[in-house]
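J.: The following file, query-v9.cif, comprises mmCIF, C-alpha atoms and all ligand atoms:
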data_query
#
loop_
_atom_site.label_atom_id
_atom_site.label_comp_id
_atom_site.auth_asym_id
_atom_site.auth_seq_id
_atom_site.Cartn_x
_atom_site.Cartn_y
_atom_site.Cartn_z
CA MET F 1150 83.73 112.94 -3.95
CA THR F 1151 86.53 115.53 -4.18
CA ASP F 1152 85.95 119.28 -4.28
CA GLU F 1153 89.24 119.95 -6.00
CA LEU F 1154 88.57 121.96 -9.16
CA GLN F 1155 90.27 120.73 -12.39
CA LYS F 1156 89.72 123.62 -14.77
CA GLY F 1157 89.43 122.37 -18.32
CA LEU F 1158 89.50 118.80 -16.89
CA GLU F 1159 93.28 118.98 -17.23
CA GLY F 1160 94.85 115.63 -16.43
CA VAL F 1161 91.51 114.09 -15.37
CA LEU F 1162 91.06 110.45 -16.40
CA VAL F 1163 87.47 109.77 -17.43
CA ALA F 1164 87.70 106.61 -19.51
CA GLU F 1165 89.84 103.69 -20.58
CA SER F 1166 90.59 103.35 -24.27
CA ASP F 1167 92.52 100.96 -26.53
CA LEU F 1168 92.51 103.41 -29.41
CA SER F 1169 95.37 105.89 -29.24
CA LYS F 1170 98.06 106.93 -26.81
CA ILE F 1171 99.95 110.20 -26.62
CA ASP F 1172 103.27 110.47 -24.81
CA GLY F 1173 103.46 114.21 -24.32
CA ASP F 1174 107.06 114.24 -23.06
CA GLU F 1175 108.51 111.99 -25.74
CA GLY F 1176 106.34 113.40 -28.55
CA ARG F 1177 105.02 109.98 -29.47
CA LEU F 1178 101.58 109.02 -30.80
CA ILE F 1179 100.34 105.48 -31.41
CA TYR F 1180 97.07 104.10 -32.77
CA ARG F 1181 96.43 100.67 -31.19
CA GLY F 1182 100.17 100.26 -30.67
CA TYR F 1183 101.34 101.34 -34.13
CA GLY F 1184 103.58 104.42 -34.31
CA ILE F 1185 102.08 107.28 -36.26
CA GLU F 1186 105.28 107.53 -38.33
CA ASP F 1187 104.84 103.96 -39.62
CA LEU F 1188 101.16 104.44 -40.29
CA ALA F 1189 101.76 107.73 -42.12
CA LYS F 1190 104.34 106.07 -44.33
CA HIS F 1191 102.79 102.68 -44.96
CA ALA F 1192 99.07 102.63 -44.18
CA SER F 1193 96.16 104.10 -46.13
CA TYR F 1194 93.42 106.02 -44.36
CA GLU F 1195 91.04 103.11 -45.03
CA GLU F 1196 93.43 100.73 -43.23
CA VAL F 1197 93.59 103.11 -40.30
CA ILE F 1198 89.80 103.37 -40.03
CA TYR F 1199 89.63 99.58 -40.03
CA LEU F 1200 92.35 99.41 -37.37
CA LEU F 1201 90.49 101.87 -35.14
CA TRP F 1202 87.06 100.29 -35.58
CA HIS F 1203 87.99 96.61 -35.64
CA GLY F 1204 91.04 96.43 -33.40
CA GLU F 1205 93.62 95.23 -35.88
CA LEU F 1206 94.98 95.99 -39.31
CA PRO F 1207 92.97 94.27 -42.06
CA ASP F 1208 94.43 91.55 -44.26
CA ALA F 1209 94.14 92.12 -48.03
CA GLY F 1210 90.70 90.49 -48.31
CA GLU F 1211 89.31 92.35 -45.30
CA LEU F 1212 90.65 95.63 -46.64
CA ASP F 1213 89.07 95.03 -50.04
CA SER F 1214 85.65 94.28 -48.66
CA PHE F 1215 85.84 97.15 -46.14
CA THR F 1216 86.90 99.57 -48.88
CA ASP F 1217 84.12 98.34 -51.17
CA SER F 1218 81.57 98.82 -48.42
CA MET F 1219 82.77 102.41 -47.88
CA VAL F 1220 82.81 103.19 -51.60
CA ALA F 1221 79.22 101.97 -51.90
CA GLU F 1222 78.16 104.63 -49.37
CA ARG F 1223 79.77 107.69 -50.97
CA SER F 1224 76.67 109.09 -52.67
CA VAL F 1225 74.63 111.55 -50.64
CA ASP F 1226 70.87 111.92 -50.82
CA GLU F 1227 69.71 114.73 -53.16
CA ASP F 1228 67.83 116.49 -50.33
CA VAL F 1229 71.02 116.76 -48.29
CA LEU F 1230 72.95 118.06 -51.29
CA GLU F 1231 70.22 120.61 -51.93
CA THR F 1232 70.52 121.81 -48.34
CA VAL F 1233 74.29 121.98 -48.70
CA GLY F 1234 73.80 124.12 -51.81
CA GLN F 1235 71.45 126.44 -49.90
CA LEU F 1236 73.92 126.75 -47.04
CA ALA F 1237 76.74 127.56 -49.48
CA ALA F 1238 74.53 130.19 -51.16
CA ALA F 1239 73.79 131.69 -47.73
CA ASP F 1240 77.56 131.85 -47.11
CA GLU F 1241 77.27 129.58 -44.10
CA ASN F 1242 80.57 128.79 -42.37
CA PRO F 1243 81.89 125.50 -43.86
CA MET F 1244 82.08 123.76 -40.46
CA ALA F 1245 78.55 124.86 -39.65
CA ALA F 1246 77.39 123.61 -43.05
CA LEU F 1247 79.08 120.26 -42.44
CA ARG F 1248 77.53 120.04 -38.97
CA THR F 1249 74.05 120.65 -40.40
CA ALA F 1250 74.51 118.20 -43.27
CA VAL F 1251 75.87 115.39 -41.08
CA SER F 1252 72.98 115.88 -38.70
CA MET F 1253 70.58 115.65 -41.65
CA LEU F 1254 72.11 112.36 -42.86
CA SER F 1255 70.32 110.49 -40.09
CA ALA F 1256 66.98 111.13 -41.86
CA TYR F 1257 68.19 108.90 -44.71
CA ASP F 1258 70.06 106.29 -42.68
CA PRO F 1259 68.29 102.92 -42.50
CA ASP F 1260 69.85 102.26 -39.08
CA ALA F 1261 68.98 105.68 -37.63
CA ASP F 1262 66.67 104.27 -34.99
CA ALA F 1263 68.84 101.33 -33.94
CA PRO F 1264 69.65 101.43 -30.22
CA ALA F 1265 73.03 102.87 -29.25
CA THR F 1266 73.99 99.47 -27.86
CA ASP F 1267 73.66 97.81 -31.29
CA GLU F 1268 77.35 97.98 -32.19
CA ALA F 1269 76.97 96.52 -35.68
CA ALA F 1270 74.36 99.15 -36.56
CA THR F 1271 76.52 101.92 -35.06
CA LEU F 1272 79.46 100.86 -37.22
CA ARG F 1273 77.26 100.73 -40.32
CA LYS F 1274 76.15 104.28 -39.55
CA GLY F 1275 79.77 105.22 -38.96
CA ARG F 1276 80.79 103.82 -42.32
CA ARG F 1277 78.09 105.86 -44.03
CA ILE F 1278 79.02 109.06 -42.20
CA VAL F 1279 82.74 108.74 -42.96
CA ALA F 1280 82.06 107.80 -46.59
CA LYS F 1281 79.67 110.73 -47.13
CA ILE F 1282 81.53 113.59 -45.43
CA PRO F 1283 83.94 114.08 -48.38
CA THR F 1284 81.00 114.21 -50.82
CA ILE F 1285 79.23 116.80 -48.66
CA LEU F 1286 82.31 118.91 -48.21
CA ALA F 1287 83.37 118.87 -51.85
CA ALA F 1288 79.79 119.75 -52.88
CA TYR F 1289 79.77 122.67 -50.42
CA ALA F 1290 83.11 124.00 -51.68
CA ARG F 1291 82.05 123.79 -55.32
CA GLU F 1292 78.57 125.23 -54.82
CA ARG F 1293 80.07 128.14 -52.97
CA ASP F 1294 82.23 128.84 -56.00
CA GLY F 1295 79.24 128.62 -58.34
CA GLN F 1296 80.18 125.15 -59.65
CA ASN F 1297 78.08 122.01 -59.75
CA PRO F 1298 78.97 119.18 -57.37
CA VAL F 1299 80.95 116.30 -58.85
CA GLU F 1300 79.70 112.74 -58.32
CA PRO F 1301 82.03 110.47 -56.34
CA ARG F 1302 84.09 107.95 -58.30
CA GLU F 1303 84.26 104.32 -57.29
CA ASP F 1304 87.73 103.60 -58.62
CA LEU F 1305 89.58 106.11 -56.41
CA ASP F 1306 90.51 105.72 -52.77
CA HIS F 1307 89.00 107.92 -50.07
CA ALA F 1308 91.68 110.64 -50.28
CA ALA F 1309 92.00 110.79 -54.07
CA ASN F 1310 88.23 110.72 -54.53
CA PHE F 1311 87.81 113.76 -52.28
CA LEU F 1312 90.40 115.76 -54.23
CA TYR F 1313 88.73 114.64 -57.46
CA MET F 1314 85.29 115.77 -56.25
CA LEU F 1315 86.75 119.05 -54.96
CA ASN F 1316 88.68 120.02 -58.08
CA GLY F 1317 86.80 118.13 -60.79
CA GLU F 1318 90.03 116.45 -61.85
CA GLU F 1319 92.00 113.47 -60.64
CA PRO F 1320 94.87 114.48 -58.34
CA ASP F 1321 98.42 113.48 -59.22
CA ASP F 1322 100.10 110.82 -57.09
CA VAL F 1323 101.94 113.29 -54.84
CA LEU F 1324 98.74 115.17 -53.97
CA ALA F 1325 96.72 112.00 -53.42
CA GLU F 1326 99.42 110.42 -51.27
CA THR F 1327 99.96 113.62 -49.24
CA PHE F 1328 96.26 113.97 -48.58
CA ASP F 1329 95.92 110.33 -47.57
CA MET F 1330 98.81 110.80 -45.16
CA ALA F 1331 97.17 113.91 -43.68
CA LEU F 1332 93.97 111.90 -43.12
CA VAL F 1333 95.96 109.16 -41.37
CA LEU F 1334 97.67 111.72 -39.12
CA HIS F 1335 94.40 113.34 -38.03
CA ALA F 1336 92.32 110.18 -37.55
CA ASP F 1337 92.55 109.92 -33.78
CA HIS F 1338 94.14 111.68 -30.83
CA GLY F 1339 93.04 110.42 -27.45
CA LEU F 1340 90.33 112.29 -25.60
CA ASN F 1341 90.74 115.65 -27.32
CA ALA F 1342 87.88 118.12 -26.91
CA SER F 1343 85.80 117.03 -29.91
CA THR F 1344 86.22 113.33 -29.13
CA PHE F 1345 85.17 114.07 -25.58
CA SER F 1346 82.06 115.79 -26.96
CA ALA F 1347 81.36 112.69 -29.02
CA ILE F 1348 81.55 110.39 -26.01
CA VAL F 1349 79.58 112.71 -23.74
CA THR F 1350 76.75 112.50 -26.27
CA ALA F 1351 77.23 108.73 -26.72
CA SER F 1352 77.17 108.25 -22.95
CA THR F 1353 73.54 109.38 -22.83
CA LEU F 1354 72.85 106.48 -25.27
CA SER F 1355 71.96 109.01 -27.93
CA ASP F 1356 72.63 108.11 -31.58
CA LEU F 1357 75.88 108.24 -33.58
CA HIS F 1358 74.78 111.12 -35.82
CA SER F 1359 74.24 113.19 -32.67
CA SER F 1360 77.71 112.25 -31.38
CA VAL F 1361 79.40 113.24 -34.62
CA THR F 1362 77.37 116.44 -34.90
CA SER F 1363 78.38 117.42 -31.34
CA ALA F 1364 81.99 116.68 -32.19
CA ILE F 1365 81.97 118.77 -35.37
CA GLY F 1366 80.63 121.73 -33.39
CA THR F 1367 83.45 121.30 -30.88
CA LEU F 1368 86.19 120.90 -33.45
CA LYS F 1369 85.12 124.15 -35.11
CA GLY F 1370 86.59 126.41 -32.40
CA PRO F 1371 89.94 128.20 -32.87
CA LEU F 1372 91.47 126.55 -29.81
CA HIS F 1373 90.90 123.15 -31.44
CA GLY F 1374 90.51 122.29 -35.15
CA GLY F 1375 89.88 125.87 -36.21
CA ALA F 1376 93.56 126.62 -35.59
CA ASN F 1377 94.74 125.24 -38.95
CA GLN F 1378 92.81 127.90 -40.86
CA ASP F 1379 94.08 130.61 -38.52
CA VAL F 1380 97.69 129.49 -39.07
CA MET F 1381 97.39 129.93 -42.83
CA GLU F 1382 95.71 133.29 -42.43
CA MET F 1383 98.65 134.34 -40.24
CA LEU F 1384 101.21 133.16 -42.83
CA LYS F 1385 99.32 134.98 -45.58
CA GLU F 1386 99.18 138.14 -43.49
CA VAL F 1387 102.93 137.91 -42.95
CA ASP F 1388 103.42 137.47 -46.69
CA ASP F 1389 101.09 140.31 -47.66
CA SER F 1390 102.67 142.68 -45.17
CA ASP F 1391 106.23 142.06 -46.38
CA ARG F 1392 107.13 141.93 -42.71
CA ASP F 1393 109.53 139.59 -41.08
CA PRO F 1394 107.48 136.73 -39.58
CA ILE F 1395 109.15 137.28 -36.22
CA GLY F 1396 108.09 140.93 -36.15
CA TRP F 1397 104.55 139.84 -36.88
CA VAL F 1398 104.57 137.28 -34.07
CA GLU F 1399 106.19 139.69 -31.58
CA ASN F 1400 103.50 142.22 -32.32
CA ALA F 1401 100.70 139.65 -31.95
CA LEU F 1402 102.11 138.47 -28.62
CA GLU F 1403 102.46 142.05 -27.39
CA GLU F 1404 98.77 142.52 -28.18
CA GLY F 1405 98.09 139.48 -26.00
CA ARG F 1406 97.08 137.26 -28.90
CA ARG F 1407 97.76 133.54 -29.10
CA ILE F 1408 99.74 132.20 -32.00
CA SER F 1409 97.66 129.50 -33.63
CA GLY F 1410 99.38 126.18 -34.19
CA PHE F 1411 101.44 126.40 -30.97
CA GLY F 1412 100.94 124.85 -27.58
CA HIS F 1413 99.06 121.75 -26.60
CA ARG F 1414 97.31 120.42 -23.54
CA VAL F 1415 99.18 117.10 -23.73
CA TYR F 1416 102.43 117.61 -25.69
CA ASN F 1417 105.31 119.31 -23.92
CA VAL F 1418 107.49 118.87 -27.01
CA LYS F 1419 106.92 119.06 -30.75
CA ASP F 1420 103.85 117.16 -31.89
CA PRO F 1421 105.08 114.14 -33.94
CA ARG F 1422 102.42 114.89 -36.56
CA ALA F 1423 103.86 118.38 -36.99
CA LYS F 1424 107.27 116.82 -37.70
CA ILE F 1425 105.87 114.66 -40.50
CA LEU F 1426 103.72 117.42 -41.99
CA GLY F 1427 106.58 119.92 -41.71
CA GLU F 1428 108.77 117.68 -43.88
CA ARG F 1429 105.98 117.33 -46.41
CA SER F 1430 105.35 121.08 -46.45
CA GLN F 1431 109.05 121.62 -47.15
CA GLU F 1432 109.07 119.04 -49.98
CA LEU F 1433 105.98 120.55 -51.60
CA GLY F 1434 107.46 124.05 -51.40
CA GLU F 1435 110.74 122.93 -52.92
CA ALA F 1436 109.00 121.03 -55.72
CA ALA F 1437 106.81 124.04 -56.56
CA GLY F 1438 109.64 126.58 -56.23
CA THR F 1439 107.78 128.35 -53.38
CA PRO F 1440 109.79 127.57 -50.26
CA LYS F 1441 108.56 130.75 -48.52
CA TRP F 1442 105.67 129.18 -46.61
CA TYR F 1443 107.90 126.60 -45.01
CA GLU F 1444 110.58 129.24 -44.37
CA TYR F 1445 108.13 131.59 -42.62
CA SER F 1446 106.90 128.63 -40.59
CA THR F 1447 110.33 127.54 -39.40
CA LYS F 1448 111.20 131.12 -38.37
CA VAL F 1449 108.02 131.33 -36.31
CA GLU F 1450 108.71 127.87 -34.85
CA GLU F 1451 112.23 128.80 -33.72
CA TYR F 1452 111.05 132.06 -32.21
CA MET F 1453 108.12 130.52 -30.34
CA LEU F 1454 110.28 127.78 -28.89
CA GLU F 1455 112.99 130.19 -27.77
CA GLU F 1456 110.75 132.97 -26.44
CA LYS F 1457 107.71 131.10 -25.17
CA GLY F 1458 108.90 127.50 -24.84
CA LEU F 1459 106.00 126.45 -27.08
CA ALA F 1460 106.32 123.87 -29.86
CA PRO F 1461 104.13 123.50 -32.93
CA ASN F 1462 101.09 121.25 -32.94
CA VAL F 1463 99.55 119.38 -35.90
CA ASP F 1464 97.77 122.47 -37.18
CA PHE F 1465 100.92 124.46 -37.70
CA TYR F 1466 102.29 122.48 -40.64
CA SER F 1467 99.04 121.05 -41.99
CA ALA F 1468 98.17 124.63 -42.93
CA SER F 1469 101.05 125.23 -45.36
CA THR F 1470 100.81 121.65 -46.62
CA TYR F 1471 97.14 122.11 -47.59
CA TYR F 1472 97.82 125.57 -49.00
CA GLN F 1473 100.49 124.23 -51.31
CA MET F 1474 98.04 121.53 -52.42
CA GLY F 1475 95.67 124.28 -53.58
CA ILE F 1476 92.99 123.50 -50.99
CA PRO F 1477 90.80 126.51 -50.04
CA ILE F 1478 91.79 127.82 -46.61
CA ASP F 1479 88.34 127.73 -45.04
CA ILE F 1480 87.94 124.02 -45.62
CA TYR F 1481 91.07 123.02 -43.68
CA THR F 1482 89.03 122.53 -40.50
CA PRO F 1483 86.29 120.51 -42.24
CA ILE F 1484 89.07 118.32 -43.67
CA PHE F 1485 90.22 117.75 -40.09
CA ALA F 1486 86.62 116.70 -39.32
CA MET F 1487 86.60 114.44 -42.38
CA SER F 1488 89.53 112.52 -40.95
CA ARG F 1489 88.73 112.70 -37.23
CA SER F 1490 85.21 111.35 -37.82
CA ALA F 1491 86.85 107.89 -37.81
CA GLY F 1492 88.23 108.52 -34.32
CA TRP F 1493 84.98 110.02 -33.00
CA ILE F 1494 83.08 106.95 -34.15
CA ALA F 1495 85.68 104.56 -32.73
CA HIS F 1496 85.57 106.28 -29.32
CA ALA F 1497 81.78 106.56 -29.21
CA THR F 1498 81.47 102.84 -30.02
CA GLU F 1499 84.15 101.85 -27.53
CA TYR F 1500 82.72 104.01 -24.75
CA VAL F 1501 79.20 102.60 -25.07
CA GLU F 1502 80.54 99.04 -24.70
CA ASP F 1503 81.08 99.78 -21.01
CA ASN F 1504 78.86 102.81 -20.71
CA ARG F 1505 78.43 105.17 -17.82
CA LEU F 1506 76.70 108.53 -18.21
CA ILE F 1507 79.26 111.35 -18.20
CA ARG F 1508 78.05 113.93 -15.76
CA PRO F 1509 80.60 116.06 -13.88
CA ARG F 1510 79.80 118.84 -11.43
CA ALA F 1511 80.42 122.57 -11.20
CA ARG F 1512 81.24 124.30 -7.94
CA TYR F 1513 78.35 126.68 -7.31
CA THR F 1514 79.62 130.22 -6.74
CA GLY F 1515 76.33 132.12 -7.01
CA PRO F 1516 74.28 133.65 -4.20
CA GLU F 1517 72.27 131.56 -1.73
CA ASP F 1518 69.05 132.30 0.19
CA GLN F 1519 67.71 135.01 -2.13
CA GLN F 1520 64.21 136.24 -1.29
CA PHE F 1521 61.85 136.05 -4.29
CA VAL F 1522 60.26 139.40 -5.22
CA ASP F 1523 57.29 139.61 -7.62
CA VAL F 1524 58.12 141.11 -11.01
CA GLU F 1525 56.09 144.31 -10.44
CA ASP F 1526 57.97 144.96 -7.19
CA ARG F 1527 61.53 144.58 -8.59
N1 LIG E 1 100.34 131.42 -28.16
C1 LIG E 1 100.74 132.17 -27.12
N2 LIG E 1 100.69 131.75 -25.84
C2 LIG E 1 100.21 130.53 -25.61
C3 LIG E 1 99.78 129.68 -26.65
C4 LIG E 1 99.87 130.18 -27.96
N3 LIG E 1 99.49 129.43 -29.01
N4 LIG E 1 99.39 128.51 -26.14
C5 LIG E 1 99.54 128.59 -24.81
N5 LIG E 1 100.04 129.82 -24.50
C6 LIG E 1 100.37 130.29 -23.17
C7 LIG E 1 99.13 130.80 -22.46
O1 LIG E 1 98.94 132.18 -22.66
C8 LIG E 1 99.45 130.49 -21.03
O2 LIG E 1 100.36 131.44 -20.54
P1 LIG E 1 100.13 132.08 -19.09
O3 LIG E 1 100.24 130.91 -18.15
O4 LIG E 1 101.23 133.06 -19.00
O5 LIG E 1 98.78 132.69 -19.14
C9 LIG E 1 100.21 129.17 -21.12
O6 LIG E 1 100.79 129.15 -22.41
C10 LIG E 1 99.34 127.94 -20.92
O7 LIG E 1 98.21 128.04 -21.78
P2 LIG E 1 96.81 127.38 -21.47
O8 LIG E 1 95.76 128.08 -22.27
O9 LIG E 1 96.59 127.27 -20.01
O10 LIG E 1 97.03 125.93 -22.05
P3 LIG E 1 95.90 124.93 -22.41
O11 LIG E 1 96.42 123.58 -22.21
O12 LIG E 1 94.63 125.28 -21.73
O13 LIG E 1 95.65 125.24 -23.97
C11 LIG E 1 95.78 125.25 -26.28
C12 LIG E 1 96.10 124.49 -25.00
C13 LIG E 1 96.04 124.32 -27.46
C14 LIG E 1 94.31 125.65 -26.30
C15 LIG E 1 96.66 126.51 -26.38
O14 LIG E 1 98.02 126.13 -26.44
C16 LIG E 1 96.30 127.39 -27.56
O15 LIG E 1 95.43 128.26 -27.43
N6 LIG E 1 96.97 127.19 -28.75
C17 LIG E 1 96.62 127.94 -29.91
C18 LIG E 1 95.46 127.29 -30.63
C19 LIG E 1 95.85 125.99 -31.27
O16 LIG E 1 96.86 125.89 -31.96
N7 LIG E 1 95.01 124.98 -31.11
C20 LIG E 1 95.19 123.68 -31.71
C21 LIG E 1 95.55 122.66 -30.69
S1 LIG E 1 95.94 121.11 -31.49
#
Represent the structure contained in this file as structure tokens.
Ligand code: COA

T.:
Amino acid sequence: MTDELQKGLEGVLVAESDLSKIDGDEGRLIYRGYGIEDLAKHASYEEVIYLLWHGELPDAGELDSFTDSMVAERSVDEDVLETVGQLAAADENPMAALRTAVSMLSAYDPDADAPATDEAATLRKGRRIVAKIPTILAAYARERDGQNPVEPREDLDHAANFLYMLNGEEPDDVLAETFDMALVLHADHGLNASTFSAIVTASTLSDLHSSVTSAIGTLKGPLHGGANQDVMEMLKEVDDSDRDPIGWVENALEEGRRISGFGHRVYNVKDPRAKILGERSQELGEAAGTPKWYEYSTKVEEYMLEEKGLAPNVDFYSASTYYQMGIPIDIYTPIFAMSRSAGWIAHATEYVEDNRLIRPRARYTGPEDQQFVDVEDR
């Protein structure tokens, strides 16, 4: 047993995984050996979920039956939707609403009580959770705006169906394809903080709904998934203030603030997902005649690299991409959860296969040998 302290568990290996690998110096990310660039270009989100959960890309027949089994699980129990409506009416934070709703799903899951070691049951639960999150999130977003939820459609893929339920109209091909690509890019990322939460919970042999609920709570924070919303709020603030983006960033840094969307525990260079999303953000801006969001972003990127040696992470360009797709800013982080749920489930399932309780230690720095004094004598 070593007494060396690794704050934030930086660099500590706690598990073996076949799922995804990050090369932080080369800026490379692979899922089960496939480069993220190839997957973003050629694979659908459904194919990627299958790859993560079943170890290889599906053939056409496997993909069809997997997709059908996901589509069949899109509807969400009325009680859950009612709760979502109440949370929206109470102005609950969207990530908190999603966390509550996903937790509640277990009450209606026929496999809820299956033991954590029953992998087939865990994957059935996983399929239901991933299939239902878009329905929950779209319902929340609509209820909050005083609109009725829209029923899922069976003829649309996962990405297009979400945009359809969110907006009440079918997305065009560019929007559907961009959103599918964003889901692919966010599906897994090694042992990031929320995935670690998921496996800590799984390692106690708790249930999958608990793992995913823990992970959603962890993703919510601004140092993790919450950063994508903060990036867009920064870009909007720059725009509203008519200030040069660099002046805005200089000022924020002088005040000791962090610039969301920059820096990473693992990448020392630009995040490969940011490269892909940056290109898409640029294309969307050019097509819509609003290149300013991409232009602000590149100015900030150049400045941060030069002055702080920090490169953008995935959240930096997902923000302007989603904004230009008309997605409400406060659901960017739940969209991240929608995608990453596939990775959480893959890791929780994989970890339990060769389970050991995760239980680190803290170095005690408090007092020793205190003498107890009765309350009336203190
Ligand atoms: N803006 C300004 N400075 C930053 C920064 C940022 N976004 N990210 C890191 N730094 C600085 C820190 O202030 C620190 O400087 P110091 O050594 O002079 O104090 C140094 O870089 C190292 O930061 P540290 O917090 O130790 O790195 P970490 O590995 O613990 O944190 C993040 C990684 C992602 C939490 C961090 O980069 C961050 O807060 N980024 C902004 C939030 C974000 O985009 N999160 C999404 C991640 S995908």

J.: List as a ChimeraX atom specification the protein and nucleic acid residues lying within 9 Å of ligand LIG 1 (chain E), with only C-alpha atoms and all ligand atoms counted.

T.: /F:1156-1157,1159,1341,1370-1377,1379-1380,1401-1402,1405-1415,1420,1453,1457-1465

J.: Using only C-alpha atoms, tabulate the residues of stretch 1344-1379 of chain F lying at most 9 Å from any atom of stretch 1258-1270 of chain F, each with its closest atom pair and that distance in Å to one decimal, by chain and increasing residue number, as JSON lines.

T.:
{"residue": "F:Ala1351", "atom": "CA", "partner": "F:Ala1265", "partner_atom": "CA", "distance": 7.6}
{"residue": "F:Leu1354", "atom": "CA", "partner": "F:Ala1265", "partner_atom": "CA", "distance": 5.4}
{"residue": "F:Ser1355", "atom": "CA", "partner": "F:Ala1265", "partner_atom": "CA", "distance": 6.4}
{"residue": "F:Asp1356", "atom": "CA", "partner": "F:Ala1265", "partner_atom": "CA", "distance": 5.7}
{"residue": "F:Leu1357", "atom": "CA", "partner": "F:Ala1265", "partner_atom": "CA", "distance": 7.5}
{"residue": "F:His1358", "atom": "CA", "partner": "F:Ala1261", "partner_atom": "CA", "distance": 8.2}

J.: Pick from F:Ser1352, F:Ser1193, F:Ser1255, F:Asn1316: nearest to F:Asp1294, with all atoms listed in the file counted?

T.: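 Of F:Ser1352, F:Ser1193, F:Ser1255, F:Asn1316, the one nearest F:Asp1294, counting all atoms listed in the file, is F:Asn1316.
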
J.: Provide the atom CA of F:Met1487 to atom CA of F:Ile1282 distance in Å, to one decimal place.

T.: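 Atom CA of F:Met1487 sits 6.0 Å away from atom CA of F:Ile1282.
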
J.: Separation of atom CA of F:Gln1378 and atom CA of F:Ile1480, in Å?

T.: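 Value for the atom CA of F:Gln1378-atom CA of F:Ile1480 distance: 7.8 Å.
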
J.: For the point (74.1, 113.3, -47.1) in the file's frame, write as JSON, numbers by chain all residues with an atom no more than 8 Å away, counting only C-alpha atoms.

T.: {"F": [1224, 1225, 1226, 1227, 1228, 1229, 1230, 1250, 1251, 1253, 1254, 1257, 1281, 1282, 1284, 1285]}

J.: Taking all atoms listed in the file into account, which of F:Ala1331, F:Tyr1513, F:Thr1439, F:Trp1397 comes nearest F:Ala1468?

T.: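 When distances to F:Ala1468 are compared using all atoms listed in the file, the smallest one comes from F:Ala1331.
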
J.: So how many Å separate atom CA of F:Asp1174 and atom CA of F:Thr1482, to one decimal?

T.: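 According to the coordinates, atom CA of F:Asp1174 and atom CA of F:Thr1482 are separated by 26.4 Å.
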
J.: Find the spatial neighbours of F:Thr1367, counting all atoms listed in the file, within a cut-off of 9 Å - ignore same-chain residues fewer than 2 positions away - and output them as a PDB file with C-alpha atoms, in the frame of the given file.

T.:
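Generated output (around_23.pdb):
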ATOM      1  CA  ALA F1342      87.880 118.120 -26.910  1.00  0.00           C
ATOM      2  CA  SER F1343      85.800 117.030 -29.910  1.00  0.00           C
ATOM      3  CA  THR F1344      86.220 113.330 -29.130  1.00  0.00           C
ATOM      4  CA  SER F1346      82.060 115.790 -26.960  1.00  0.00           C
ATOM      5  CA  THR F1362      77.370 116.440 -34.900  1.00  0.00           C
ATOM      6  CA  SER F1363      78.380 117.420 -31.340  1.00  0.00           C
ATOM      7  CA  ALA F1364      81.990 116.680 -32.190  1.00  0.00           C
ATOM      8  CA  ILE F1365      81.970 118.770 -35.370  1.00  0.00           C
ATOM      9  CA  LYS F1369      85.120 124.150 -35.110  1.00  0.00           C
ATOM     10  CA  GLY F1370      86.590 126.410 -32.400  1.00  0.00           C
ATOM     11  CA  HIS F1373      90.900 123.150 -31.440  1.00  0.00           C
ATOM     12  CA  GLY F1374      90.510 122.290 -35.150  1.00  0.00           C
TER      13      GLY F1374
END

J.: Using only C-alpha atoms, can you tell me which of F:Leu1332, F:Ala1486, F:Met1381, F:Ala1238 comes closest to F:Val1197?

T.: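 So, comparing all the options, the nearest one is F:Leu1332.
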
J.: Using only C-alpha atoms for the distances, tell me which of F:Ser1252, F:Asp1526, F:Arg1277, F:Gly1234 is nearest to F:Glu1292.

T.: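 Nearest candidate to F:Glu1292 out of F:Ser1252, F:Asp1526, F:Arg1277, F:Gly1234: F:Gly1234.
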
J.: Counting only C-alpha atoms, which of F:Pro1283, F:Asp1393, F:Leu1324, F:Thr1216 gets nearest to F:Glu1432?

T.: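 Under the stated criterion, the closest residue is F:Leu1324.
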
J.: Find the residues around F:Ser1218 up to 10 Å (all atoms listed in the file counted), leave out those fewer than 6 positions away in its own chain, and share them as number ranges by chain.

T.: F: 1212, 1273, 1276-1277, 1280

J.: Of the candidates F:Glu1319, F:Glu1186, F:Glu1241, F:Glu1196, which shows the shortest atom-to-atom distance to F:Arg1293, using only C-alpha atoms?

T.: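 Once distances to F:Arg1293 are computed over only C-alpha atoms, the minimum belongs to F:Glu1241.
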
J.: If we count all atoms listed in the file and set the cut-off at 12 Å, which residues sit around F:Ser1166, ignoring sequence neighbours fewer than 5 positions away in its own chain? Please answer as a PyMOL selection string.

T.: chain F and resi 1171+1180-1182+1201+1204+1337-1340+1344+1348+1492+1495-1503

J.: Using all atoms listed in the file, what table do you get, as a Markdown table, when you list each residue of stretch 1219-1257 of chain F with an atom no more than 8 Å from stretch 1300-1312 of chain F, its nearest pair of atoms, and their distance in Å rounded to one decimal, rows by chain then rising number?

T.:
| residue | atom | partner | partner_atom | distance |
| --- | --- | --- | --- | --- |
| F:Val1220 | CA | F:Glu1303 | CA | 6.0 |
| F:Ala1221 | CA | F:Glu1303 | CA | 7.7 |
| F:Arg1223 | CA | F:Pro1301 | CA | 6.5 |
| F:Ser1224 | CA | F:Pro1301 | CA | 6.6 |

J.: Let's have the selection written as an mmCIF file, keeping the file's coordinate frame, with C-alpha atoms.

T.:
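Result went into out.cif, see below:
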data_model
loop_
_atom_site.group_PDB
_atom_site.id
_atom_site.type_symbol
_atom_site.label_atom_id
_atom_site.label_comp_id
_atom_site.auth_asym_id
_atom_site.auth_seq_id
_atom_site.Cartn_x
_atom_site.Cartn_y
_atom_site.Cartn_z
ATOM 1 C CA VAL F 1220 82.810 103.190 -51.600
ATOM 2 C CA ALA F 1221 79.220 101.970 -51.900
ATOM 3 C CA ARG F 1223 79.770 107.690 -50.970
ATOM 4 C CA SER F 1224 76.670 109.090 -52.670
#
